[in-house]
>>> print(open('run31.cif').read())   # mmCIF, C-alpha atoms
data_input
#
loop_
_atom_site.label_atom_id
_atom_site.label_comp_id
_atom_site.auth_asym_id
_atom_site.auth_seq_id
_atom_site.Cartn_x
_atom_site.Cartn_y
_atom_site.Cartn_z
CA MET A 195 -1.95 11.00 -11.13
CA ASN A 196 -0.79 10.16 -14.66
CA CYS A 197 -2.36 7.97 -17.30
CA LYS A 198 -1.09 4.38 -17.36
CA ILE A 199 -1.22 4.34 -21.16
CA CYS A 200 0.24 7.68 -22.32
CA ASN A 201 1.50 9.27 -19.07
CA HIS A 202 -0.61 12.42 -19.43
CA LYS A 203 -2.39 13.92 -16.44
CA VAL A 204 -5.78 12.38 -15.66
CA THR A 205 -8.95 13.97 -14.29
CA ASN A 206 -11.19 12.57 -11.57
CA ILE A 207 -14.57 11.93 -13.21
CA PHE A 208 -16.53 10.19 -10.47
CA SER A 209 -16.38 8.09 -7.31
CA GLU A 210 -18.28 4.86 -6.78
CA LYS A 211 -18.49 2.05 -4.24
CA VAL A 212 -16.58 -1.07 -5.32
CA LEU A 213 -17.43 -4.45 -3.79
CA ASN A 214 -20.31 -2.54 -2.19
CA LYS A 215 -18.02 -1.05 0.44
CA TYR A 216 -14.91 0.77 -0.88
CA ASP A 217 -15.13 4.34 -2.18
CA VAL A 218 -13.03 4.37 -5.34
CA CYS A 219 -12.23 7.24 -7.68
CA TYR A 220 -12.19 6.80 -11.47
CA TYR A 221 -9.96 8.94 -13.67
CA HIS A 222 -10.08 9.88 -17.36
CA CYS A 223 -7.22 10.82 -19.68
CA ILE A 224 -8.23 13.48 -22.22
CA ASN A 225 -5.26 12.55 -24.43
CA CYS A 226 -5.94 8.83 -25.04
CA ASP A 227 -9.36 8.43 -23.34
CA PHE A 228 -8.16 5.69 -21.02
CA ILE A 229 -10.13 5.34 -17.77
CA GLN A 230 -8.38 3.98 -14.68
CA THR A 231 -9.19 3.60 -11.02
CA ASP A 232 -7.42 4.49 -7.83
CA ASP A 233 -4.59 2.13 -6.93
CA PRO A 234 -6.67 -1.10 -6.74
CA PHE A 235 -5.96 -2.13 -3.15
CA TRP A 236 -9.09 -4.32 -3.18
CA LEU A 237 -7.91 -6.80 -5.84
CA SER A 238 -6.92 -9.60 -3.46
CA GLU A 239 -10.48 -9.57 -2.16
CA ALA A 240 -11.99 -9.24 -5.64
CA TYR A 241 -10.03 -12.29 -6.79
CA SER A 242 -10.87 -14.54 -3.87
CA GLU A 243 -12.52 -16.50 -6.70
CA PRO A 244 -10.60 -15.96 -9.99
CA ILE A 245 -13.72 -16.50 -12.13
CA ASN A 246 -16.45 -14.30 -10.71
CA ASN A 247 -19.87 -15.88 -10.39
CA GLU A 248 -21.56 -12.86 -11.99
CA ASP A 249 -20.08 -13.82 -15.36
CA THR A 250 -23.05 -15.80 -16.64
CA GLY A 251 -21.93 -15.13 -20.22
CA LEU A 252 -18.69 -17.10 -19.90
CA VAL A 253 -19.79 -20.19 -21.86
CA GLY A 254 -21.64 -18.32 -24.60
CA ARG A 255 -18.74 -15.90 -25.02
CA ASN A 256 -16.23 -18.72 -25.45
CA LEU A 257 -18.42 -20.44 -28.04
CA LEU A 258 -18.75 -17.19 -29.99
CA PHE A 259 -15.07 -16.27 -29.74
CA ALA A 260 -14.05 -19.72 -30.96
CA LYS A 261 -16.11 -19.20 -34.13
CA LEU A 262 -14.72 -15.71 -34.71
CA THR A 263 -11.13 -16.77 -34.02
CA SER A 264 -11.29 -19.83 -36.28
CA MET A 265 -12.25 -17.62 -39.23
CA LEU A 266 -9.45 -15.14 -38.56
CA LEU A 267 -6.76 -17.77 -38.04
CA TYR A 268 -7.71 -19.77 -41.11
CA ASN A 269 -7.75 -16.75 -43.41
CA LEU A 270 -5.13 -14.36 -42.00
CA PHE A 271 -2.46 -16.43 -40.24
CA HIS A 272 -0.37 -19.57 -40.55
CA LYS A 273 -3.18 -21.90 -39.63
CA ASN A 274 -0.88 -24.81 -38.86
CA GLY A 275 1.20 -22.77 -36.42
CA GLN A 276 0.99 -22.86 -32.64
CA PHE A 277 -1.26 -20.55 -30.64
CA LEU A 278 -1.62 -19.59 -26.98
CA ASP A 279 -4.65 -18.55 -24.97
CA TYR A 280 -3.33 -16.19 -22.28
CA ALA A 281 -5.18 -15.88 -18.97
CA ALA A 282 -7.12 -18.85 -20.29
CA GLY A 283 -9.35 -19.53 -17.30
CA TYR A 284 -10.82 -23.00 -17.13
CA GLY A 285 -9.44 -23.88 -20.58
CA LEU A 286 -12.77 -23.96 -22.40
CA PHE A 287 -11.58 -21.72 -25.26
CA THR A 288 -8.36 -23.72 -25.67
CA ARG A 289 -10.36 -26.94 -25.91
CA LEU A 290 -12.79 -25.44 -28.41
CA MET A 291 -9.97 -24.20 -30.63
CA ARG A 292 -8.30 -27.61 -30.59
CA ASP A 293 -11.68 -29.07 -31.52
CA TYR A 294 -11.60 -26.73 -34.53
CA GLY A 295 -8.21 -28.18 -35.46
CA PHE A 296 -5.86 -25.42 -34.29
CA ASP A 297 -2.80 -26.23 -32.17
CA PHE A 298 -3.78 -24.13 -29.15
CA TYR A 299 -2.22 -24.12 -25.67
CA TRP A 300 -3.34 -22.86 -22.27
CA HIS A 301 -1.73 -20.53 -19.75
CA ASP A 302 -3.22 -19.11 -16.56
CA PRO A 303 -1.34 -19.10 -13.23
CA TYR A 304 -4.45 -18.19 -11.26
CA THR A 305 -7.12 -20.61 -12.47
CA THR A 306 -7.48 -24.40 -12.62
CA ASN A 307 -7.27 -25.86 -16.12
CA LEU A 308 -10.36 -28.05 -16.39
CA PHE A 309 -10.89 -28.51 -20.12
CA ALA A 310 -7.43 -28.40 -21.72
CA GLN A 311 -5.31 -30.55 -19.44
CA GLN A 312 -1.99 -31.71 -20.94
CA PHE A 313 -1.99 -28.70 -23.25
CA GLU A 314 -0.54 -26.22 -20.76
CA PHE A 315 2.35 -23.93 -21.64
CA ASP A 316 5.11 -22.68 -19.35
CA LEU A 317 6.01 -19.06 -20.17
CA SER A 318 9.58 -19.59 -18.95
CA LEU A 319 10.25 -21.51 -22.19
CA ASN A 320 10.33 -18.17 -24.06
CA LYS A 321 8.57 -19.54 -27.12
CA LYS A 322 7.11 -17.38 -29.89
CA PHE A 323 3.57 -18.21 -31.04
CA GLU A 324 1.81 -17.42 -34.29
CA LEU A 325 -0.85 -15.60 -32.27
CA VAL A 326 -1.83 -15.07 -28.64
CA SER A 327 -5.44 -14.62 -27.61
CA ALA A 328 -6.26 -12.62 -24.48
CA PHE A 329 -10.00 -12.46 -23.99
CA GLU A 330 -11.57 -10.33 -21.27
CA CYS A 331 -8.11 -9.56 -19.85
CA PHE A 332 -7.29 -5.95 -20.71
CA GLU A 333 -9.89 -4.53 -18.32
CA HIS A 334 -8.19 -6.47 -15.51
CA PHE A 335 -4.67 -5.12 -16.16
CA GLU A 336 -3.31 -3.09 -13.27
CA GLN A 337 -0.34 -2.06 -15.44
CA PRO A 338 -1.56 -2.36 -19.05
CA ILE A 339 1.71 -1.43 -20.76
CA SER A 340 3.83 -4.00 -18.94
CA GLU A 341 1.15 -6.67 -19.48
CA ILE A 342 0.98 -5.95 -23.20
CA GLU A 343 4.79 -6.12 -23.35
CA LYS A 344 4.52 -9.64 -21.93
CA LEU A 345 2.06 -10.56 -24.69
CA ILE A 346 4.29 -9.11 -27.41
CA LYS A 347 7.18 -11.26 -26.21
CA LEU A 348 4.94 -14.23 -26.96
CA SER A 349 3.65 -13.05 -30.34
CA ASP A 350 3.44 -10.05 -32.65
CA ASN A 351 -0.22 -10.91 -33.16
CA ILE A 352 -2.58 -10.32 -30.23
CA LEU A 353 -6.28 -11.07 -30.54
CA PHE A 354 -8.23 -9.73 -27.58
CA SER A 355 -11.60 -8.65 -26.32
CA THR A 356 -12.57 -5.78 -24.11
CA GLU A 357 -15.68 -3.64 -24.35
CA LEU A 358 -15.03 -0.13 -25.68
CA TYR A 359 -16.89 2.99 -24.71
CA SER A 360 -17.58 5.68 -27.28
CA ASP A 361 -17.55 9.47 -27.07
CA SER A 362 -17.36 10.68 -23.46
CA PRO A 363 -16.77 8.43 -20.42
CA PRO A 364 -20.00 6.63 -19.50
CA LYS A 365 -21.84 7.66 -16.38
CA PRO A 366 -21.53 5.15 -13.52
CA ASP A 367 -25.14 3.99 -13.83
CA ASN A 368 -25.04 3.77 -17.65
CA TRP A 369 -22.32 1.18 -18.23
CA ASP A 370 -22.41 -2.29 -16.66
CA TYR A 371 -18.80 -2.90 -17.74
CA TYR A 372 -17.51 -0.87 -14.81
CA ALA A 373 -18.58 -3.94 -12.79
CA PHE A 374 -18.44 -2.20 -9.42
CA SER A 375 -19.99 -5.15 -7.61
CA HIS A 376 -17.14 -7.61 -8.25
CA GLY A 377 -14.31 -5.06 -8.50
CA GLN A 378 -12.16 -6.90 -11.05
CA HIS A 379 -12.47 -4.33 -13.86
CA ILE A 380 -9.98 -1.52 -13.30
CA ALA A 381 -8.98 -0.41 -16.83
CA PHE A 382 -11.30 0.86 -19.55
CA TYR A 383 -10.62 1.69 -23.17
CA SER A 384 -12.03 3.62 -26.09
CA LEU A 385 -11.07 3.26 -29.75
CA ASN A 386 -8.72 6.21 -29.23
CA THR A 387 -6.97 4.31 -26.42
CA LEU A 388 -6.40 1.27 -28.64
CA LYS A 389 -5.00 3.49 -31.38
CA HIS A 390 -2.50 4.90 -28.89
CA LEU A 391 -1.49 1.37 -27.90
CA ALA A 392 -1.06 0.32 -31.53
CA LYS A 393 1.16 3.34 -32.21
CA LYS A 394 3.19 2.80 -29.05
CA PHE A 395 3.98 -0.81 -29.96
CA ASN A 396 4.28 -0.18 -33.71
CA LEU A 397 1.44 -2.56 -34.52
CA ASN A 398 -1.65 -2.29 -36.69
CA LEU A 399 -5.09 -2.23 -35.08
CA TYR A 400 -8.16 -3.93 -36.51
CA THR A 401 -11.43 -3.90 -34.61
CA ASN A 402 -15.18 -4.27 -34.87
CA GLY A 403 -15.32 -1.02 -32.90
CA LYS A 404 -17.05 -2.69 -29.98
CA SER A 405 -15.36 -5.59 -28.24
CA PHE A 406 -13.22 -7.77 -30.56
CA HIS A 407 -9.80 -6.45 -31.54
CA LEU A 408 -6.54 -7.45 -33.20
CA LEU A 409 -3.08 -5.92 -32.76
CA THR A 410 -0.73 -7.28 -35.40
CA HIS A 411 2.32 -6.61 -37.54
CA LYS A 412 0.26 -7.74 -40.54
CA VAL A 413 -1.27 -5.24 -42.93
CA ILE A 414 -4.84 -6.16 -43.82
CA SER A 415 -8.10 -4.37 -44.51
CA ASN A 416 -10.27 -3.53 -41.52
CA ASN A 417 -13.24 -4.16 -43.79
CA PHE A 418 -11.93 -7.66 -44.53
CA TYR A 419 -11.36 -8.25 -40.82
CA ASN A 420 -14.98 -7.37 -40.12
CA LEU A 421 -16.21 -9.39 -43.10
CA LEU A 422 -14.55 -12.48 -41.62
CA LEU A 423 -16.24 -11.80 -38.30
CA MET A 424 -19.58 -11.47 -40.04
CA LEU A 425 -19.07 -14.69 -42.02
CA SER A 426 -18.38 -16.56 -38.80
CA HIS A 427 -22.11 -16.27 -38.05
CA LEU A 428 -23.04 -18.04 -41.30
CA GLY A 429 -21.80 -21.53 -40.50
CA LEU A 430 -18.38 -21.18 -42.14
CA PRO A 431 -16.49 -22.14 -38.94
CA THR A 432 -17.94 -25.64 -39.41
CA LEU A 433 -16.23 -25.74 -42.81
CA VAL A 434 -13.00 -24.54 -41.20
CA LYS A 435 -13.27 -27.38 -38.67
CA TYR A 436 -13.70 -29.89 -41.52
CA LEU A 437 -10.77 -28.50 -43.52
CA MET A 438 -8.46 -28.25 -40.49
CA GLY A 439 -9.32 -31.66 -39.07
CA SER A 440 -10.52 -31.57 -35.48
CA LYS A 441 -8.03 -32.58 -32.78
CA THR A 442 -10.78 -33.88 -30.49
CA LEU A 443 -10.13 -37.58 -31.13
CA SER A 444 -6.35 -37.35 -31.62
CA ASP A 445 -6.00 -35.40 -28.36
CA SER A 446 -7.99 -38.08 -26.54
CA LYS A 447 -5.73 -40.80 -27.92
CA SER A 448 -2.64 -38.80 -26.96
CA ILE A 449 -3.87 -38.40 -23.38
CA ILE A 450 -4.65 -42.14 -23.16
CA ASN A 451 -1.14 -43.01 -24.43
CA ASN A 452 0.45 -40.65 -21.91
CA LYS A 453 -1.46 -42.35 -19.12
CA LYS A 454 -0.27 -45.76 -20.30
CA GLN A 455 3.33 -44.59 -20.38
CA LYS A 456 3.10 -43.29 -16.82
CA ALA A 457 1.40 -46.44 -15.51
#
>>> encode(input="run31.cif", output="structure tokens")
Amino acid sequence: MNCKICNHKVTNIFSEKVLNKYDVCYYHCINCDFIQTDDPFWLSEAYSEPINNEDTGLVGRNLLFAKLTSMLLYNLFHKNGQFLDYAAGYGLFTRLMRDYGFDFYWHDPYTTNLFAQQFEFDLSLNKKFELVSAFECFEHFEQPISEIEKLIKLSDNILFSTELYSDSPPKPDNWDYYAFSHGQHIAFYSLNTLKHLAKKFNLNLYTNGKSFHLLTHKVISNNFYNLLLMLSHLGLPTLVKYLMGSKTLSDSKSIINNKKQKA
């Protein structure tokens, strides 16, 4: 078996039960440190519910990521551009970012849009966005390279989250991110893996070294990137919201007008 990131040979590092019943092997690439599973035949079962009920951190994570993202967009990108949340789930992050004043849109073919209705985007329109966010997606990618190619067609700036491991591959009982019980995590990355991806796609990588990462054509300081993340915890996103002008009320009025026009 070859690595899905760099095509080098991989080594079997352990076997574990997935979904509490399937024996699955996990493989490590010594070249780029990517960890992948056997061919994930169990995914249709794992995704019987697209949002797994073990993810009790979903709301808190979206609230945090909205703060972090608002600081990055306001200071590093064209803040009045259009943005897309890819694999956007229930639409909570899209709604939060519109509440911050950013023109965000939703896309997810597998999940019901509950919070960002009327702000969906159809990928067949082949539009380029200022930035695409893809939170808690990379660990789900069965074919990471082809999925990242899809993202790059949408934007040269990809903001994403996935938890990195450091040093050697974690033991099965030492890393909850393997998520054997729900079986949806099938791809695992280290900082070395992300550097390989950045080089492959000729993009720059900026990261907090843990879970929040940016692939971009822009040249910035990684220290400045992390400073903005740190400042997001000091109440500055509220200032960003004030300066941008929240879309909460204007979106409501737009939805009401659309309903009147259809009546």
>>> axis_aligned_box(input="run31.cif", around="stretch 388-407 of chain A", padding_each_side="3 Å", output="lines of an AutoDock Vina configuration file")
center_x = -6.4
center_y = -1.4
center_z = -32.3
size_x = 27.3
size_y = 18.7
size_z = 14.8
>>> closest_residue(input="run31.cif", among="A:Cys226, A:Phe315, A:Lys447, A:Ala328", to="A:Leu408", atoms="all atoms listed in the file")
A:Ala328
>>> residues_near_point(input="run31.cif", point="(-9.3, -13.6, -39.3)", cutoff="10 Å", atoms="only C-alpha atoms", output="VMD selection string")
chain A and resid 262 to 271 353 408 414 418 to 423 426
>>> closest_atom_pairs(input="run31.cif", of="stretch 348-453 of chain A", to="stretch 203-218 of chain A", cutoff="9 Å", atoms="all atoms listed in the file", output="CSV")
residue,atom,partner,partner_atom,distance
A:Pro363,CA,A:Ile207,CA,8.3
A:Lys365,CA,A:Phe208,CA,8.3
A:Pro366,CA,A:Glu210,CA,7.5
A:Ala373,CA,A:Val212,CA,8.2
A:Phe374,CA,A:Val212,CA,4.6
A:Ser375,CA,A:Leu213,CA,4.7
A:His376,CA,A:Leu213,CA,5.5
A:Gly377,CA,A:Val212,CA,5.6
>>> resolve_selection(input="run31.cif", expression="the PyMOL selection byres ((chain A and resi 234-242) around 7)", output="VMD selection string")
chain A and resid 231 to 233 243 to 244 376 to 378
>>> closest_residue(input="run31.cif", among="A:Asn256, A:Gln312, A:Asn246, A:Gln230", to="A:Glu333", atoms="only C-alpha atoms")
A:Gln230
>>> closest_residue(input="run31.cif", among="A:Leu391, A:Met438, A:Ile449, A:Leu430", to="A:Phe296", atoms="all atoms listed in the file")
A:Met438
>>> atom_distance(input="run31.cif", atom1="atom CA of A:Met424", atom2="atom CA of A:Phe277")
22.5 Å
>>> resolve_selection(input="run31.cif", expression="the PyMOL selection byres ((chain A and resi 285) around 8)", output="list in words")
Ala282, Gly283, Tyr284, Leu286, Phe287, Thr288, Arg289, Trp300, Asn307, Leu308, Phe309, Ala310 and Gln311 of chain A
>>> resolve_selection(input="run31.cif", expression="the PyMOL selection byres ((chain A and resi 403) around 10)", output="list of chain:residue names")
A:Glu357, A:Leu358, A:Tyr359, A:Ser360, A:Ser384, A:Leu385, A:Tyr400, A:Thr401, A:Asn402, A:Lys404, A:Ser405, A:Phe406, A:His407, A:Asn420
>>> write_last_selection(input="run31.cif", atoms="C-alpha atoms", output="short mmCIF file (atom, residue, chain, number, x, y, z; two decimals), in the coordinates of the input")
data_model
loop_
_atom_site.label_atom_id
_atom_site.label_comp_id
_atom_site.auth_asym_id
_atom_site.auth_seq_id
_atom_site.Cartn_x
_atom_site.Cartn_y
_atom_site.Cartn_z
CA GLU A 357 -15.68 -3.64 -24.35
CA LEU A 358 -15.03 -0.13 -25.68
CA TYR A 359 -16.89 2.99 -24.71
CA SER A 360 -17.58 5.68 -27.28
CA SER A 384 -12.03 3.62 -26.09
CA LEU A 385 -11.07 3.26 -29.75
CA TYR A 400 -8.16 -3.93 -36.51
CA THR A 401 -11.43 -3.90 -34.61
CA ASN A 402 -15.18 -4.27 -34.87
CA LYS A 404 -17.05 -2.69 -29.98
CA SER A 405 -15.36 -5.59 -28.24
CA PHE A 406 -13.22 -7.77 -30.56
CA HIS A 407 -9.80 -6.45 -31.54
CA ASN A 420 -14.98 -7.37 -40.12
#
>>> residues_around(input="run31.cif", residues="A:Lys435", least_positions_apart="4", cutoff="6 Å", atoms="only C-alpha atoms", output="PyMOL selection string")
chain A and resi 294+439-440
>>> closest_residue(input="run31.cif", among="A:Cys331, A:Ile245, A:Asn386, A:Tyr372", to="A:Thr306", atoms="all atoms listed in the file")
A:Ile245
>>> atom_distance(input="run31.cif", atom1="atom CA of A:Phe323", atom2="atom CA of A:Tyr299")
9.9 Å
>>> atom_distance(input="run31.cif", atom1="atom CA of A:Lys322", atom2="atom CA of A:Leu345")
10.0 Å
>>> closest_residue(input="run31.cif", among="A:Ile339, A:Leu257, A:Cys200, A:Ile229", to="A:Phe382", atoms="all atoms listed in the file")
A:Ile229
>>> closest_residue(input="run31.cif", among="A:Asp249, A:His379, A:Thr432, A:His222", to="A:Lys261", atoms="all atoms listed in the file")
A:Thr432
>>> residues_around(input="run31.cif", residues="A:Leu397", least_positions_apart="2", cutoff="9 Å", atoms="all atoms listed in the file", output="ChimeraX atom specification")
/A:350-351,391-395,399,409-412
>>> build_atoms(input="run31.cif", residues="stretch 319-342 of chain A", atoms="N, CA and C atoms", output="CSV table (one decimal), in the coordinates of the input")
chain,number,residue,atom,x,y,z
A,319,LEU,N,9.6,-20.9,-21.0
A,319,LEU,CA,10.2,-21.5,-22.2
A,319,LEU,C,10.6,-20.5,-23.3
A,320,ASN,N,10.0,-19.3,-23.1
A,320,ASN,CA,10.3,-18.2,-24.1
A,320,ASN,C,10.0,-18.5,-25.5
A,321,LYS,N,9.0,-19.2,-25.8
A,321,LYS,CA,8.6,-19.5,-27.1
A,321,LYS,C,7.8,-18.4,-27.8
A,322,LYS,N,7.9,-18.3,-29.1
A,322,LYS,CA,7.1,-17.4,-29.9
A,322,LYS,C,6.0,-18.2,-30.5
A,323,PHE,N,4.8,-17.6,-30.5
A,323,PHE,CA,3.6,-18.2,-31.0
A,323,PHE,C,3.1,-17.4,-32.3
A,324,GLU,N,2.4,-18.1,-33.1
A,324,GLU,CA,1.8,-17.4,-34.3
A,324,GLU,C,0.9,-16.3,-33.8
A,325,LEU,N,0.1,-16.6,-32.8
A,325,LEU,CA,-0.8,-15.6,-32.3
A,325,LEU,C,-1.2,-15.9,-30.8
A,326,VAL,N,-1.4,-14.9,-30.0
A,326,VAL,CA,-1.8,-15.1,-28.6
A,326,VAL,C,-3.2,-14.4,-28.5
A,327,SER,N,-4.1,-15.2,-27.9
A,327,SER,CA,-5.4,-14.6,-27.6
A,327,SER,C,-5.5,-14.2,-26.1
A,328,ALA,N,-6.2,-13.1,-25.9
A,328,ALA,CA,-6.3,-12.6,-24.5
A,328,ALA,C,-7.7,-12.0,-24.3
A,329,PHE,N,-8.6,-12.9,-24.0
A,329,PHE,CA,-10.0,-12.5,-24.0
A,329,PHE,C,-10.4,-12.0,-22.6
A,330,GLU,N,-11.1,-10.9,-22.5
A,330,GLU,CA,-11.6,-10.3,-21.3
A,330,GLU,C,-10.4,-10.3,-20.2
A,331,CYS,N,-9.3,-9.7,-20.7
A,331,CYS,CA,-8.1,-9.6,-19.8
A,331,CYS,C,-7.8,-8.1,-19.7
A,332,PHE,N,-7.8,-7.3,-20.7
A,332,PHE,CA,-7.3,-6.0,-20.7
A,332,PHE,C,-7.9,-5.1,-19.6
A,333,GLU,N,-9.2,-5.3,-19.4
A,333,GLU,CA,-9.9,-4.5,-18.3
A,333,GLU,C,-9.4,-4.9,-16.9
A,334,HIS,N,-8.7,-6.0,-16.8
A,334,HIS,CA,-8.2,-6.5,-15.5
A,334,HIS,C,-6.8,-6.0,-15.3
A,335,PHE,N,-6.1,-5.4,-16.3
A,335,PHE,CA,-4.7,-5.1,-16.2
A,335,PHE,C,-4.4,-3.9,-15.2
A,336,GLU,N,-3.7,-4.2,-14.2
A,336,GLU,CA,-3.3,-3.1,-13.3
A,336,GLU,C,-2.3,-2.2,-13.9
A,337,GLN,N,-1.4,-2.8,-14.7
A,337,GLN,CA,-0.3,-2.1,-15.4
A,337,GLN,C,-0.4,-2.5,-16.9
A,338,PRO,N,-1.3,-1.9,-17.7
A,338,PRO,CA,-1.6,-2.4,-19.0
A,338,PRO,C,-0.3,-2.4,-19.9
A,339,ILE,N,0.5,-1.4,-19.9
A,339,ILE,CA,1.7,-1.4,-20.8
A,339,ILE,C,2.6,-2.6,-20.5
A,340,SER,N,2.9,-2.9,-19.2
A,340,SER,CA,3.8,-4.0,-18.9
A,340,SER,C,3.2,-5.3,-19.3
A,341,GLU,N,1.8,-5.4,-19.1
A,341,GLU,CA,1.2,-6.7,-19.5
A,341,GLU,C,1.2,-6.9,-21.0
A,342,ILE,N,1.0,-5.8,-21.7
A,342,ILE,CA,1.0,-6.0,-23.2
A,342,ILE,C,2.4,-6.3,-23.7
